[in-house]
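The structure file input37.txt is reproduced below (compact mmCIF, C-alpha atoms and all ligand atoms).
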```
# COMPACT_ATOMS: atom_id res chain seq x y z
CA MET A 1 -57.84 -86.78 105.07
CA ARG A 2 -60.74 -86.50 107.50
CA TYR A 3 -64.31 -87.34 106.66
CA ARG A 4 -67.53 -86.62 108.45
CA VAL A 5 -69.46 -89.60 109.80
CA THR A 6 -73.12 -89.16 110.72
CA ILE A 7 -74.85 -91.70 112.95
CA GLU A 8 -78.46 -91.47 111.83
CA ASN A 9 -80.05 -93.13 114.88
CA CYS A 10 -78.85 -90.44 117.26
CA SER A 11 -77.91 -87.60 114.85
CA GLU A 12 -74.36 -87.67 116.22
CA THR A 13 -71.59 -86.66 113.84
CA TYR A 14 -67.83 -86.92 114.21
CA PRO A 15 -64.72 -86.58 112.07
CA CYS A 16 -62.90 -89.80 111.16
CA SER A 17 -59.63 -90.09 109.28
CA GLU A 18 -58.98 -92.65 106.57
CA GLN A 19 -56.41 -94.20 108.93
CA GLN A 20 -59.05 -94.91 111.55
CA THR A 21 -61.91 -97.33 111.70
CA LEU A 22 -65.39 -95.85 112.14
CA LEU A 23 -65.40 -97.22 115.67
CA GLN A 24 -61.96 -95.83 116.59
CA GLY A 25 -62.94 -92.38 115.30
CA MET A 26 -66.04 -92.39 117.47
CA GLU A 27 -64.38 -93.80 120.59
CA GLN A 28 -61.38 -91.49 120.41
CA LEU A 29 -63.63 -88.43 120.63
CA GLY A 30 -65.63 -89.84 123.53
CA LYS A 31 -68.74 -89.98 121.30
CA ARG A 32 -71.44 -92.60 121.66
CA GLY A 33 -73.87 -94.30 119.36
CA ILE A 34 -72.21 -97.44 117.99
CA PRO A 35 -71.86 -100.21 120.61
CA VAL A 36 -68.19 -100.98 121.28
CA GLY A 37 -67.22 -104.62 121.69
CA CYS A 38 -64.06 -106.49 120.73
CA ARG A 39 -62.87 -103.91 118.14
CA GLY A 40 -61.54 -106.82 116.09
CA GLY A 41 -64.35 -107.91 113.76
CA GLY A 42 -65.26 -110.96 115.84
CA CYS A 43 -68.25 -110.21 118.05
CA GLY A 44 -70.64 -108.29 115.79
CA VAL A 45 -71.98 -105.77 118.30
CA CYS A 46 -70.74 -102.81 116.20
CA ARG A 47 -72.87 -103.70 113.14
CA VAL A 48 -73.85 -100.68 111.09
CA GLN A 49 -75.55 -100.16 107.74
CA VAL A 50 -73.82 -97.61 105.54
CA THR A 51 -76.63 -95.58 103.96
CA SER A 52 -74.44 -93.21 101.95
CA GLY A 53 -70.77 -92.76 101.13
CA THR A 54 -67.82 -95.05 100.38
CA PHE A 55 -65.49 -97.00 102.64
CA SER A 56 -62.92 -99.77 102.64
CA LYS A 57 -63.28 -102.86 104.78
CA ALA A 58 -61.01 -105.46 106.40
CA LYS A 59 -61.88 -109.11 107.08
CA MET A 60 -64.98 -109.58 109.26
CA SER A 61 -66.08 -112.75 111.04
CA ARG A 62 -68.56 -114.62 108.80
CA SER A 63 -70.55 -115.73 111.82
CA VAL A 64 -71.58 -112.12 112.45
CA ILE A 65 -71.62 -110.61 108.92
CA SER A 66 -73.07 -112.78 106.14
CA GLU A 67 -72.55 -112.23 102.42
CA ALA A 68 -76.16 -111.03 102.28
CA ASP A 69 -75.37 -108.47 104.98
CA GLU A 70 -72.37 -107.23 103.04
CA SER A 71 -74.42 -106.82 99.87
CA LYS A 72 -76.80 -104.60 101.87
CA ARG A 73 -73.75 -102.62 103.07
CA ILE A 74 -74.17 -103.96 106.60
CA VAL A 75 -70.65 -104.06 108.02
CA LEU A 76 -68.68 -103.86 111.25
CA ALA A 77 -67.72 -100.34 112.29
CA CYS A 78 -64.49 -101.67 113.80
CA ARG A 79 -63.34 -103.04 110.44
CA CYS A 80 -64.26 -100.18 108.09
CA THR A 81 -62.48 -96.95 107.28
CA PRO A 82 -64.13 -94.06 105.44
CA THR A 83 -63.08 -92.98 101.93
CA SER A 84 -65.76 -90.25 101.76
CA ASP A 85 -68.23 -88.60 104.12
CA LEU A 86 -70.55 -91.31 105.43
CA SER A 87 -73.99 -91.79 106.91
CA ILE A 88 -74.51 -94.91 108.94
CA SER A 89 -77.34 -96.42 110.90
CA VAL A 90 -76.62 -98.66 113.88
CA VAL A 91 -78.10 -102.15 113.52
CA GLY A 92 -76.01 -104.06 116.10
CA LYS A 93 -76.86 -104.16 119.76
CA MET A 94 -75.66 -105.14 123.17
CA GLU A 95 -78.03 -107.83 124.35
CA LYS A 96 -79.51 -106.82 127.63
CA ALA A 97 -80.15 -110.23 129.10
CA LEU A 98 -78.12 -113.38 129.56
CA ASN A 99 -80.83 -115.76 128.53
CA GLY A 100 -83.81 -113.62 127.62
CA LYS A 101 -85.74 -114.36 130.83
CA HIS A 102 -83.58 -112.66 133.42
CA ARG A 103 -82.46 -109.09 133.20
CA ILE A 104 -79.20 -108.07 134.86
CA GLN A 105 -78.63 -104.45 135.68
CA THR A 106 -75.29 -103.17 134.40
CA GLU A 107 -73.24 -100.00 134.75
CA ASP A 108 -74.39 -99.09 131.23
CA ASP A 109 -78.00 -98.92 132.48
CA LEU A 110 -76.90 -96.75 135.35
CA SER A 111 -75.07 -94.32 133.07
CA VAL A 112 -78.08 -94.12 130.75
CA ALA A 113 -80.26 -93.46 133.78
CA ALA A 114 -77.91 -90.71 134.94
CA VAL A 115 -78.04 -88.99 131.51
CA GLY A 116 -81.73 -89.51 130.81
CA MET B 1 -51.35 -140.37 143.53
CA ALA B 2 -54.45 -138.63 144.77
CA PHE B 3 -54.90 -136.63 141.62
CA LYS B 4 -56.36 -138.92 138.95
CA GLY B 5 -58.26 -138.93 135.69
CA VAL B 6 -58.54 -135.52 134.08
CA LEU B 7 -55.47 -133.40 134.85
CA ARG B 8 -56.06 -130.02 133.23
CA PRO B 9 -57.23 -128.16 130.14
CA GLY B 10 -54.08 -128.71 128.10
CA LEU B 11 -54.87 -127.73 124.51
CA ILE B 12 -57.11 -125.07 123.05
CA GLN B 13 -57.68 -124.42 119.35
CA ILE B 14 -58.77 -120.87 118.58
CA ARG B 15 -59.99 -119.51 115.23
CA VAL B 16 -58.45 -116.24 114.09
CA LEU B 17 -59.22 -114.05 111.09
CA ASN B 18 -55.63 -113.09 110.24
CA MET B 19 -52.73 -115.32 111.22
CA ASP B 20 -49.96 -112.71 111.10
CA GLU B 21 -51.86 -110.39 113.44
CA ALA B 22 -52.70 -113.32 115.72
CA ILE B 23 -49.08 -114.47 115.92
CA ASN B 24 -47.95 -110.97 116.83
CA HIS B 25 -50.56 -110.87 119.58
CA TYR B 26 -50.06 -114.31 121.12
CA GLN B 27 -46.27 -114.20 120.79
CA ASN B 28 -45.28 -110.58 121.42
CA ILE B 29 -48.14 -109.38 123.61
CA LEU B 30 -49.04 -112.49 125.66
CA GLY B 31 -45.49 -113.80 125.48
CA LEU B 32 -46.18 -117.38 124.36
CA ASN B 33 -43.48 -119.11 122.32
CA ILE B 34 -44.11 -120.51 118.85
CA VAL B 35 -43.38 -124.24 118.78
CA SER B 36 -44.21 -124.98 115.16
CA THR B 37 -46.12 -123.93 112.07
CA GLU B 38 -47.58 -126.81 110.10
CA ALA B 39 -48.39 -127.31 106.42
CA ASP B 40 -52.12 -126.73 106.99
CA GLY B 41 -51.32 -123.25 108.34
CA ARG B 42 -52.04 -123.95 111.98
CA VAL B 43 -49.60 -122.39 114.43
CA TYR B 44 -48.70 -124.07 117.76
CA LEU B 45 -47.60 -122.15 120.83
CA LYS B 46 -46.87 -122.70 124.51
CA GLY B 47 -46.23 -120.72 127.68
CA TRP B 48 -42.75 -120.70 129.21
CA ASP B 49 -43.76 -122.83 132.22
CA GLU B 50 -45.44 -125.64 130.28
CA PHE B 51 -43.74 -129.02 129.80
CA ASP B 52 -46.00 -130.29 127.04
CA HIS B 53 -45.27 -129.77 123.35
CA HIS B 54 -47.82 -126.94 122.98
CA SER B 55 -51.02 -125.65 124.54
CA VAL B 56 -52.45 -123.10 122.11
CA VAL B 57 -53.33 -123.81 118.49
CA LEU B 58 -54.27 -120.95 116.18
CA ARG B 59 -56.25 -121.71 113.03
CA GLN B 60 -57.03 -119.08 110.44
CA ALA B 61 -60.71 -119.20 109.47
CA GLU B 62 -63.61 -117.11 108.19
CA SER B 63 -65.09 -116.74 111.70
CA ALA B 64 -63.43 -116.09 115.05
CA GLY B 65 -64.13 -118.29 118.10
CA LEU B 66 -63.37 -121.62 119.72
CA ASP B 67 -62.80 -124.87 117.81
CA TYR B 68 -62.36 -126.97 120.95
CA VAL B 69 -60.64 -127.35 124.27
CA ALA B 70 -58.86 -130.61 125.09
CA PHE B 71 -58.22 -131.93 128.60
CA LYS B 72 -55.14 -134.01 129.33
CA VAL B 73 -55.85 -137.23 131.25
CA ASP B 74 -53.46 -139.27 133.36
CA SER B 75 -53.24 -142.47 131.29
CA ASP B 76 -54.21 -144.34 128.16
CA ASP B 77 -56.24 -146.66 130.41
CA TYR B 78 -58.34 -143.75 131.61
CA LEU B 79 -58.92 -142.62 128.03
CA ARG B 80 -60.13 -146.13 127.14
CA GLU B 81 -62.30 -146.50 130.23
CA ILE B 82 -63.93 -143.09 130.07
CA GLU B 83 -65.22 -143.48 126.52
CA PRO B 84 -68.11 -145.90 127.30
CA ARG B 85 -69.08 -143.76 130.30
CA ILE B 86 -69.38 -140.70 128.05
CA VAL B 87 -71.45 -142.69 125.58
CA ALA B 88 -73.63 -144.08 128.40
CA TRP B 89 -74.30 -140.54 129.58
CA GLY B 90 -75.64 -139.81 126.09
CA LEU B 91 -72.93 -138.11 124.07
CA GLU B 92 -71.58 -139.35 120.77
CA VAL B 93 -67.81 -139.85 120.84
CA ASP B 94 -65.51 -139.53 117.83
CA HIS B 95 -61.81 -140.31 117.46
CA VAL B 96 -59.01 -138.06 116.32
CA PRO B 97 -55.92 -140.04 115.24
CA ALA B 98 -52.46 -139.53 116.71
CA GLY B 99 -50.49 -136.92 114.83
CA GLU B 100 -53.45 -134.73 113.86
CA GLN B 101 -51.54 -132.17 115.91
CA PRO B 102 -47.73 -132.43 116.05
CA GLY B 103 -46.53 -134.36 119.09
CA VAL B 104 -50.05 -135.31 120.24
CA GLY B 105 -51.37 -138.89 120.52
CA PRO B 106 -54.93 -140.09 119.91
CA ARG B 107 -57.79 -137.92 121.15
CA ILE B 108 -61.48 -138.53 121.70
CA GLY B 109 -64.01 -135.78 121.19
CA PHE B 110 -67.68 -135.00 121.86
CA THR B 111 -70.04 -132.04 121.88
CA LEU B 112 -71.63 -130.85 125.11
CA PRO B 113 -75.30 -129.84 125.35
CA THR B 114 -73.91 -126.27 125.47
CA GLY B 115 -72.61 -126.71 121.91
CA HIS B 116 -68.92 -126.78 122.84
CA ARG B 117 -66.58 -129.45 121.53
CA ILE B 118 -64.48 -131.05 124.25
CA GLU B 119 -61.65 -133.49 123.69
CA LEU B 120 -59.57 -135.77 125.91
CA TYR B 121 -56.04 -137.05 125.27
CA HIS B 122 -53.20 -138.54 127.21
CA GLN B 123 -50.09 -138.69 125.04
CA ILE B 124 -48.22 -135.56 124.16
CA ASP B 125 -44.49 -135.14 123.65
CA MET B 126 -42.46 -133.07 126.01
CA ALA B 127 -41.54 -129.70 124.55
CA GLU B 128 -37.94 -129.22 123.49
CA ASP B 129 -37.93 -125.87 125.25
CA HIS B 130 -39.36 -127.05 128.57
CA PRO B 131 -38.90 -125.73 132.11
CA GLY B 132 -35.85 -126.95 133.98
CA ILE B 133 -35.97 -130.42 135.58
CA ILE B 134 -32.58 -131.11 137.19
CA ASN B 135 -31.58 -128.39 139.66
CA PRO B 136 -34.12 -126.25 137.82
CA ASP B 137 -33.69 -122.53 137.51
CA ILE B 138 -36.77 -120.33 137.89
CA TYR B 139 -36.95 -119.98 134.12
CA GLN B 140 -34.69 -120.69 131.18
CA ARG B 141 -34.91 -117.28 129.58
CA ARG B 142 -36.93 -114.19 130.36
CA PRO B 143 -40.28 -114.41 128.57
CA ASP B 144 -41.52 -111.74 126.15
CA GLY B 145 -44.51 -109.45 126.54
CA MET B 146 -46.79 -110.24 129.46
CA GLY B 147 -44.88 -113.45 130.08
CA ALA B 148 -47.97 -115.64 130.40
CA SER B 149 -46.72 -118.85 132.00
CA ARG B 150 -49.45 -121.21 130.83
CA PHE B 151 -52.97 -121.68 129.46
CA ASP B 152 -55.13 -121.66 132.58
CA HIS B 153 -58.90 -121.87 131.93
CA LEU B 154 -61.74 -120.78 129.67
CA LEU B 155 -65.28 -119.41 130.01
CA CYS B 156 -67.93 -120.74 127.61
CA TYR B 157 -71.39 -119.30 126.90
CA GLY B 158 -74.17 -121.61 125.79
CA PRO B 159 -77.51 -123.25 126.70
CA ASN B 160 -78.06 -126.12 129.18
CA ILE B 161 -75.19 -125.35 131.53
CA GLY B 162 -76.88 -127.46 134.21
CA LYS B 163 -76.41 -130.46 131.91
CA ALA B 164 -72.77 -129.51 131.37
CA ARG B 165 -72.27 -129.46 135.15
CA GLU B 166 -73.88 -132.87 135.47
CA PHE B 167 -71.63 -134.25 132.74
CA PHE B 168 -68.38 -132.83 134.09
CA CYS B 169 -69.14 -133.78 137.70
CA GLU B 170 -70.72 -137.21 137.17
CA VAL B 171 -68.69 -138.50 134.25
CA LEU B 172 -65.33 -136.72 134.41
CA ASP B 173 -65.21 -136.34 138.23
CA PHE B 174 -64.92 -132.56 138.25
CA TYR B 175 -66.39 -130.56 141.14
CA GLN B 176 -67.95 -127.12 141.39
CA PRO B 177 -66.16 -124.59 143.62
CA GLU B 178 -68.53 -121.72 142.85
CA LYS B 179 -71.81 -120.72 141.15
CA VAL B 180 -74.25 -117.87 140.51
CA ASP B 181 -77.90 -118.74 141.10
CA LEU B 182 -80.83 -117.73 138.94
CA PRO B 183 -83.42 -115.56 140.71
CA GLU B 184 -86.03 -118.35 140.75
CA GLY B 185 -85.72 -122.11 140.84
CA ASP B 186 -82.53 -124.03 141.47
CA GLY B 187 -80.87 -123.38 138.12
CA SER B 188 -77.58 -121.58 137.73
CA LEU B 189 -76.73 -118.54 135.69
CA ALA B 190 -73.03 -119.37 135.81
CA ILE B 191 -70.87 -122.25 137.07
CA TRP B 192 -67.17 -122.74 137.78
CA LEU B 193 -65.85 -126.29 137.46
CA THR B 194 -62.48 -127.83 138.19
CA ALA B 195 -60.70 -131.16 138.03
CA SER B 196 -57.84 -129.83 140.13
CA ASN B 197 -56.93 -127.42 142.93
CA LYS B 198 -57.49 -124.42 140.69
CA ALA B 199 -60.70 -122.50 141.40
CA HIS B 200 -61.72 -123.27 137.81
CA ASP B 201 -60.51 -125.19 134.82
CA ILE B 202 -63.64 -124.34 132.82
CA ALA B 203 -66.66 -122.12 133.49
CA PHE B 204 -70.03 -121.68 131.81
CA VAL B 205 -72.62 -118.93 131.59
CA GLU B 206 -76.19 -119.73 130.49
CA HIS B 207 -76.78 -118.17 127.08
CA GLU B 208 -79.19 -118.86 124.20
CA GLU B 209 -76.65 -119.25 121.42
CA PRO B 210 -74.59 -122.47 121.63
CA GLY B 211 -70.84 -122.91 121.40
CA LYS B 212 -69.75 -119.37 122.17
CA LEU B 213 -66.40 -118.37 123.65
CA HIS B 214 -66.26 -115.69 126.32
CA HIS B 215 -62.56 -115.82 127.11
CA VAL B 216 -59.38 -117.85 127.18
CA ALA B 217 -57.23 -117.18 130.25
CA PHE B 218 -53.50 -117.40 130.79
CA LEU B 219 -51.68 -117.45 134.09
CA LEU B 220 -49.50 -114.70 135.52
CA GLN B 221 -47.59 -114.90 138.80
CA ASP B 222 -48.99 -111.99 140.76
CA TRP B 223 -50.72 -108.63 140.86
CA ASN B 224 -47.55 -106.81 139.72
CA GLU B 225 -47.54 -108.85 136.55
CA VAL B 226 -51.21 -107.98 135.97
CA GLY B 227 -50.20 -104.31 136.25
CA ALA B 228 -47.34 -104.81 133.81
CA ALA B 229 -49.79 -106.53 131.44
CA ALA B 230 -52.00 -103.43 131.60
CA ASP B 231 -48.98 -101.30 130.64
CA ILE B 232 -48.26 -103.57 127.66
CA ILE B 233 -51.90 -103.30 126.57
CA SER B 234 -51.69 -99.50 126.48
CA ILE B 235 -48.21 -99.34 124.94
CA ASN B 236 -49.35 -101.57 122.08
CA ASP B 237 -52.89 -100.19 121.72
CA VAL B 238 -54.41 -103.60 122.38
CA SER B 239 -58.21 -103.55 122.58
CA LEU B 240 -58.96 -103.40 126.32
CA ASP B 241 -62.14 -104.84 127.82
CA ILE B 242 -61.89 -104.18 131.56
CA GLY B 243 -59.32 -104.10 134.34
CA PRO B 244 -56.97 -104.43 136.03
CA THR B 245 -59.51 -105.58 138.60
CA ARG B 246 -60.36 -108.55 140.76
CA HIS B 247 -63.05 -111.21 140.61
CA GLY B 248 -65.12 -111.83 143.73
CA ILE B 249 -65.72 -115.28 142.27
CA THR B 250 -62.41 -117.24 142.41
CA ARG B 251 -60.75 -114.07 143.88
CA GLY B 252 -58.47 -113.91 140.84
CA GLN B 253 -56.72 -110.70 139.87
CA THR B 254 -57.34 -110.01 136.25
CA ILE B 255 -57.35 -107.92 133.12
CA TYR B 256 -59.49 -108.67 130.03
CA PHE B 257 -58.58 -107.67 126.48
CA PHE B 258 -59.17 -108.87 122.93
CA ASP B 259 -56.97 -110.55 120.36
CA PRO B 260 -56.95 -108.92 116.88
CA SER B 261 -59.84 -111.20 115.75
CA GLY B 262 -62.05 -110.22 118.68
CA ASN B 263 -61.50 -113.30 120.86
CA ARG B 264 -61.37 -112.21 124.48
CA ASN B 265 -58.24 -113.04 126.47
CA GLU B 266 -57.65 -112.79 130.18
CA VAL B 267 -54.43 -112.78 132.14
CA TYR B 268 -55.07 -113.94 135.64
CA ALA B 269 -53.17 -114.31 138.92
CA GLY B 270 -54.06 -115.64 142.34
CA GLY B 271 -57.41 -117.19 143.13
CA TYR B 272 -58.06 -119.47 146.07
CA THR B 273 -57.04 -123.10 146.36
CA ALA B 274 -60.05 -125.33 145.75
CA TYR B 275 -60.73 -128.71 147.38
CA PRO B 276 -63.58 -131.08 146.57
CA ASP B 277 -64.76 -131.16 150.20
CA HIS B 278 -65.25 -127.39 150.41
CA PRO B 279 -68.79 -126.01 150.29
CA VAL B 280 -69.95 -124.61 146.95
CA ARG B 281 -69.62 -120.83 147.21
CA SER B 282 -72.84 -119.26 145.90
CA TRP B 283 -73.72 -115.81 144.67
CA ASP B 284 -77.31 -114.71 144.33
CA PHE B 285 -78.47 -112.94 141.20
CA ASP B 286 -78.44 -109.51 142.87
CA HIS B 287 -74.75 -109.78 143.76
CA VAL B 288 -73.45 -111.01 140.42
CA GLY B 289 -71.87 -107.60 139.65
CA LYS B 290 -69.62 -107.83 142.69
CA GLY B 291 -68.98 -111.50 142.00
CA ILE B 292 -67.61 -110.82 138.53
CA PHE B 293 -65.97 -107.41 139.04
CA TYR B 294 -65.22 -107.09 142.73
CA TYR B 295 -64.04 -103.47 142.67
CA GLU B 296 -66.54 -102.04 140.17
CA ARG B 297 -69.37 -104.06 141.82
CA THR B 298 -71.41 -103.90 138.64
CA LEU B 299 -71.31 -105.73 135.32
CA ASN B 300 -71.03 -103.95 132.00
CA ASP B 301 -73.04 -104.88 128.91
CA ARG B 302 -69.84 -105.86 127.13
CA PHE B 303 -69.16 -108.68 129.59
CA LEU B 304 -72.60 -110.15 128.89
CA THR B 305 -72.77 -109.62 125.15
CA VAL B 306 -69.39 -109.64 123.48
CA LEU B 307 -68.55 -113.21 122.47
CA THR B 308 -66.97 -115.01 119.55
S1 LIG C 1 -66.62 -104.43 118.09
FE1 LIG C 1 -66.65 -106.62 117.89
S2 LIG C 1 -67.04 -106.82 115.78
FE2 LIG C 1 -66.73 -104.68 115.96
FE FE C 2 -61.39 -116.19 133.63
```
So that I can check it, write out the structure of this file as structure tokens.
Amino acid sequence: MRYRVTIENCSETYPCSEQQTLLQGMEQLGKRGIPVGCRGGGCGVCRVQVTSGTFSKAKMSRSVISEADESKRIVLACRCTPTSDLSISVVGKMEKALNGKHRIQTEDDLSVAAVG
Amino acid sequence: MAFKGVLRPGLIQIRVLNMDEAINHYQNILGLNIVSTEADGRVYLKGWDEFDHHSVVLRQAESAGLDYVAFKVDSDDYLREIEPRIVAWGLEVDHVPAGEQPGVGPRIGFTLPTGHRIELYHQIDMAEDHPGIINPDIYQRRPDGMGASRFDHLLCYGPNIGKAREFFCEVLDFYQPEKVDLPEGDGSLAIWLTASNKAHDIAFVEHEEPGKLHHVAFLLQDWNEVGAAADIISINDVSLDIGPTRHGITRGQTIYFFDPSGNRNEVYAGGYTAYPDHPVRSWDFDHVGKGIFYYERTLNDRFLTVLT
């Protein structure tokens, strides 16, 4: 079964099967929107809030998703699979600086610059 | 013996979210051998070229990341003598009794200003399944997976890395083969430290949040093995970070990937031979991309952000 996932922040949508995590579904189609990190529920960069729809979830690292987060349906896209069509909003991020003061340019900046 | 005091990072305890998935990864993908599974659930593993009882400890927990890294020292005398020096430098030292890990003697532990727990120990049993000693063959039996030969080094992210450098160099007699400078002042963005001839035993990157793990690295023999590791990553759909590539810093040949709990692993080959009398190689802030990823010559956000 395939479900439709809508990323609200960038109005991207993609199909995702119930065998795939939300992050795998997005990555496999070359889509963008959710930051991709470890893909294993450890780093927290793929945090999303599910605003509508149902899903099942695997174990997520407590240091990046608290119980309060989970009760607000804030989860890790790499640990959740859809069980209906879903809308999500991205709340995780890739920090842009190593220590807040100094900004390092990365290839991700360059690719954003090339697109935008 | 010219090589005294701290010998190497010998033990690392890593938190994983699911033990069965972790065992599959560290055993079948990396190619470490399981030494024992204990009543508390911790699993002990070692690389095929390690003499000591084990080097990697997996502990199932609610959060991924690093519990601690422990350095092996050359004698019980050193362990006794170093303790007051650590205390005099300003860190609180605690004691872990012999037997807390199978085959391991007493350990002392303390927390760095970067938030990382470091331990020191001397006694550890020799592994039953150790490399050959008398007329030794190259190996006893062909290793599985990537065939990682040993735990090599780790990279930690946390605050106050200048203090960590001072501690390692002044108290534990490490030296610094390489560093990345901050754009202003004489602080460092990143430092590579060693107690040995390896270009690094431990490295640090300056980061706001304390106690974070960037990666745990295991040794391969050469560039061909790094290529074979990349094949294994694709065959098994392991989460890839970047590579195969090379580091400008240390010159190591490398590939980065993630264990099933999101802890980053590296398999690494080569790297220059370090000596304490060599100058400190320095990279300025504008060349850090080439320093980290020598072929790509630019960093990616994932390298800077994705930690456990
Ligand atoms: S990508 Fe690391 S937690 Fe999802
Ligand atoms: Fe490394």
I'd like the neighbourhood of range 79-95 of chain A as a PyMOL selection string, where a residue qualifies if any of its atoms comes within 7 Å (using all atoms listed in the file), though same-chain residues fewer than 5 positions away should be ignored. (chain A and resi 3-9+18-22+34-35+41+44-58+60) or (chain B and resi 301+305)
Based on only C-alpha atoms, which of the residues in chain B come within 9 Å of chain A? I want them as a ChimeraX atom specification. /B:16-18,61-65,159,182-183,189,205-209,239-241,257-264,285-286,288-289,296,298-302,304-308
Selected residues written out with C-alpha atoms, as a PDB file, in the frame of the given file:
```
ATOM      1  CA  VAL B  16     -58.450-116.240 114.090  1.00  0.00           C
ATOM      2  CA  LEU B  17     -59.220-114.050 111.090  1.00  0.00           C
ATOM      3  CA  ASN B  18     -55.630-113.090 110.240  1.00  0.00           C
ATOM      4  CA  ALA B  61     -60.710-119.200 109.470  1.00  0.00           C
ATOM      5  CA  GLU B  62     -63.610-117.110 108.190  1.00  0.00           C
ATOM      6  CA  SER B  63     -65.090-116.740 111.700  1.00  0.00           C
ATOM      7  CA  ALA B  64     -63.430-116.090 115.050  1.00  0.00           C
ATOM      8  CA  GLY B  65     -64.130-118.290 118.100  1.00  0.00           C
ATOM      9  CA  PRO B 159     -77.510-123.250 126.700  1.00  0.00           C
ATOM     10  CA  LEU B 182     -80.830-117.730 138.940  1.00  0.00           C
ATOM     11  CA  PRO B 183     -83.420-115.560 140.710  1.00  0.00           C
ATOM     12  CA  LEU B 189     -76.730-118.540 135.690  1.00  0.00           C
ATOM     13  CA  VAL B 205     -72.620-118.930 131.590  1.00  0.00           C
ATOM     14  CA  GLU B 206     -76.190-119.730 130.490  1.00  0.00           C
ATOM     15  CA  HIS B 207     -76.780-118.170 127.080  1.00  0.00           C
ATOM     16  CA  GLU B 208     -79.190-118.860 124.200  1.00  0.00           C
ATOM     17  CA  GLU B 209     -76.650-119.250 121.420  1.00  0.00           C
ATOM     18  CA  SER B 239     -58.210-103.550 122.580  1.00  0.00           C
ATOM     19  CA  LEU B 240     -58.960-103.400 126.320  1.00  0.00           C
ATOM     20  CA  ASP B 241     -62.140-104.840 127.820  1.00  0.00           C
ATOM     21  CA  PHE B 257     -58.580-107.670 126.480  1.00  0.00           C
ATOM     22  CA  PHE B 258     -59.170-108.870 122.930  1.00  0.00           C
ATOM     23  CA  ASP B 259     -56.970-110.550 120.360  1.00  0.00           C
ATOM     24  CA  PRO B 260     -56.950-108.920 116.880  1.00  0.00           C
ATOM     25  CA  SER B 261     -59.840-111.200 115.750  1.00  0.00           C
ATOM     26  CA  GLY B 262     -62.050-110.220 118.680  1.00  0.00           C
ATOM     27  CA  ASN B 263     -61.500-113.300 120.860  1.00  0.00           C
ATOM     28  CA  ARG B 264     -61.370-112.210 124.480  1.00  0.00           C
ATOM     29  CA  PHE B 285     -78.470-112.940 141.200  1.00  0.00           C
ATOM     30  CA  ASP B 286     -78.440-109.510 142.870  1.00  0.00           C
ATOM     31  CA  VAL B 288     -73.450-111.010 140.420  1.00  0.00           C
ATOM     32  CA  GLY B 289     -71.870-107.600 139.650  1.00  0.00           C
ATOM     33  CA  GLU B 296     -66.540-102.040 140.170  1.00  0.00           C
ATOM     34  CA  THR B 298     -71.410-103.900 138.640  1.00  0.00           C
ATOM     35  CA  LEU B 299     -71.310-105.730 135.320  1.00  0.00           C
ATOM     36  CA  ASN B 300     -71.030-103.950 132.000  1.00  0.00           C
ATOM     37  CA  ASP B 301     -73.040-104.880 128.910  1.00  0.00           C
ATOM     38  CA  ARG B 302     -69.840-105.860 127.130  1.00  0.00           C
ATOM     39  CA  LEU B 304     -72.600-110.150 128.890  1.00  0.00           C
ATOM     40  CA  THR B 305     -72.770-109.620 125.150  1.00  0.00           C
ATOM     41  CA  VAL B 306     -69.390-109.640 123.480  1.00  0.00           C
ATOM     42  CA  LEU B 307     -68.550-113.210 122.470  1.00  0.00           C
ATOM     43  CA  THR B 308     -66.970-115.010 119.550  1.00  0.00           C
TER      44      THR B 308
END
```
For ligand FE 2 (chain C), the nearest of the candidates B:Trp283, B:Leu219, B:Tyr275, B:Asp231, counting only C-alpha atoms and all ligand atoms: B:Leu219
Rank A:Ser71, A:Ser17, A:Cys78, A:Gly25 by their smallest atom-to-atom distance to ligand LIG 1 (chain C), using all atoms listed in the file, and report the top residue only. A:Cys78
Residue neighbourhood Phe167 in chain B, 10 Å, only C-alpha atoms, exclusion window fewer than 3 positions, as a list in words: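 What passes the distance filter is Ile86, Trp89, Gly90, Leu91, Leu112, Pro113, Ile161, Gly162, Lys163, Ala164, Glu170, Val171, Leu172, Asp173 and Phe174 of chain B.
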Residues just named, written with C-alpha atoms as a PDB file, in the coordinates of the input:
```pdb
ATOM      1  CA  ILE B  86     -69.380-140.700 128.050  1.00  0.00           C
ATOM      2  CA  TRP B  89     -74.300-140.540 129.580  1.00  0.00           C
ATOM      3  CA  GLY B  90     -75.640-139.810 126.090  1.00  0.00           C
ATOM      4  CA  LEU B  91     -72.930-138.110 124.070  1.00  0.00           C
ATOM      5  CA  LEU B 112     -71.630-130.850 125.110  1.00  0.00           C
ATOM      6  CA  PRO B 113     -75.300-129.840 125.350  1.00  0.00           C
ATOM      7  CA  ILE B 161     -75.190-125.350 131.530  1.00  0.00           C
ATOM      8  CA  GLY B 162     -76.880-127.460 134.210  1.00  0.00           C
ATOM      9  CA  LYS B 163     -76.410-130.460 131.910  1.00  0.00           C
ATOM     10  CA  ALA B 164     -72.770-129.510 131.370  1.00  0.00           C
ATOM     11  CA  GLU B 170     -70.720-137.210 137.170  1.00  0.00           C
ATOM     12  CA  VAL B 171     -68.690-138.500 134.250  1.00  0.00           C
ATOM     13  CA  LEU B 172     -65.330-136.720 134.410  1.00  0.00           C
ATOM     14  CA  ASP B 173     -65.210-136.340 138.230  1.00  0.00           C
ATOM     15  CA  PHE B 174     -64.920-132.560 138.250  1.00  0.00           C
TER      16      PHE B 174
END
```
CA of Arg59 in chain B and CA of Glu92 in chain B are how many Å apart?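 These two atoms are separated by 24.6 Å.
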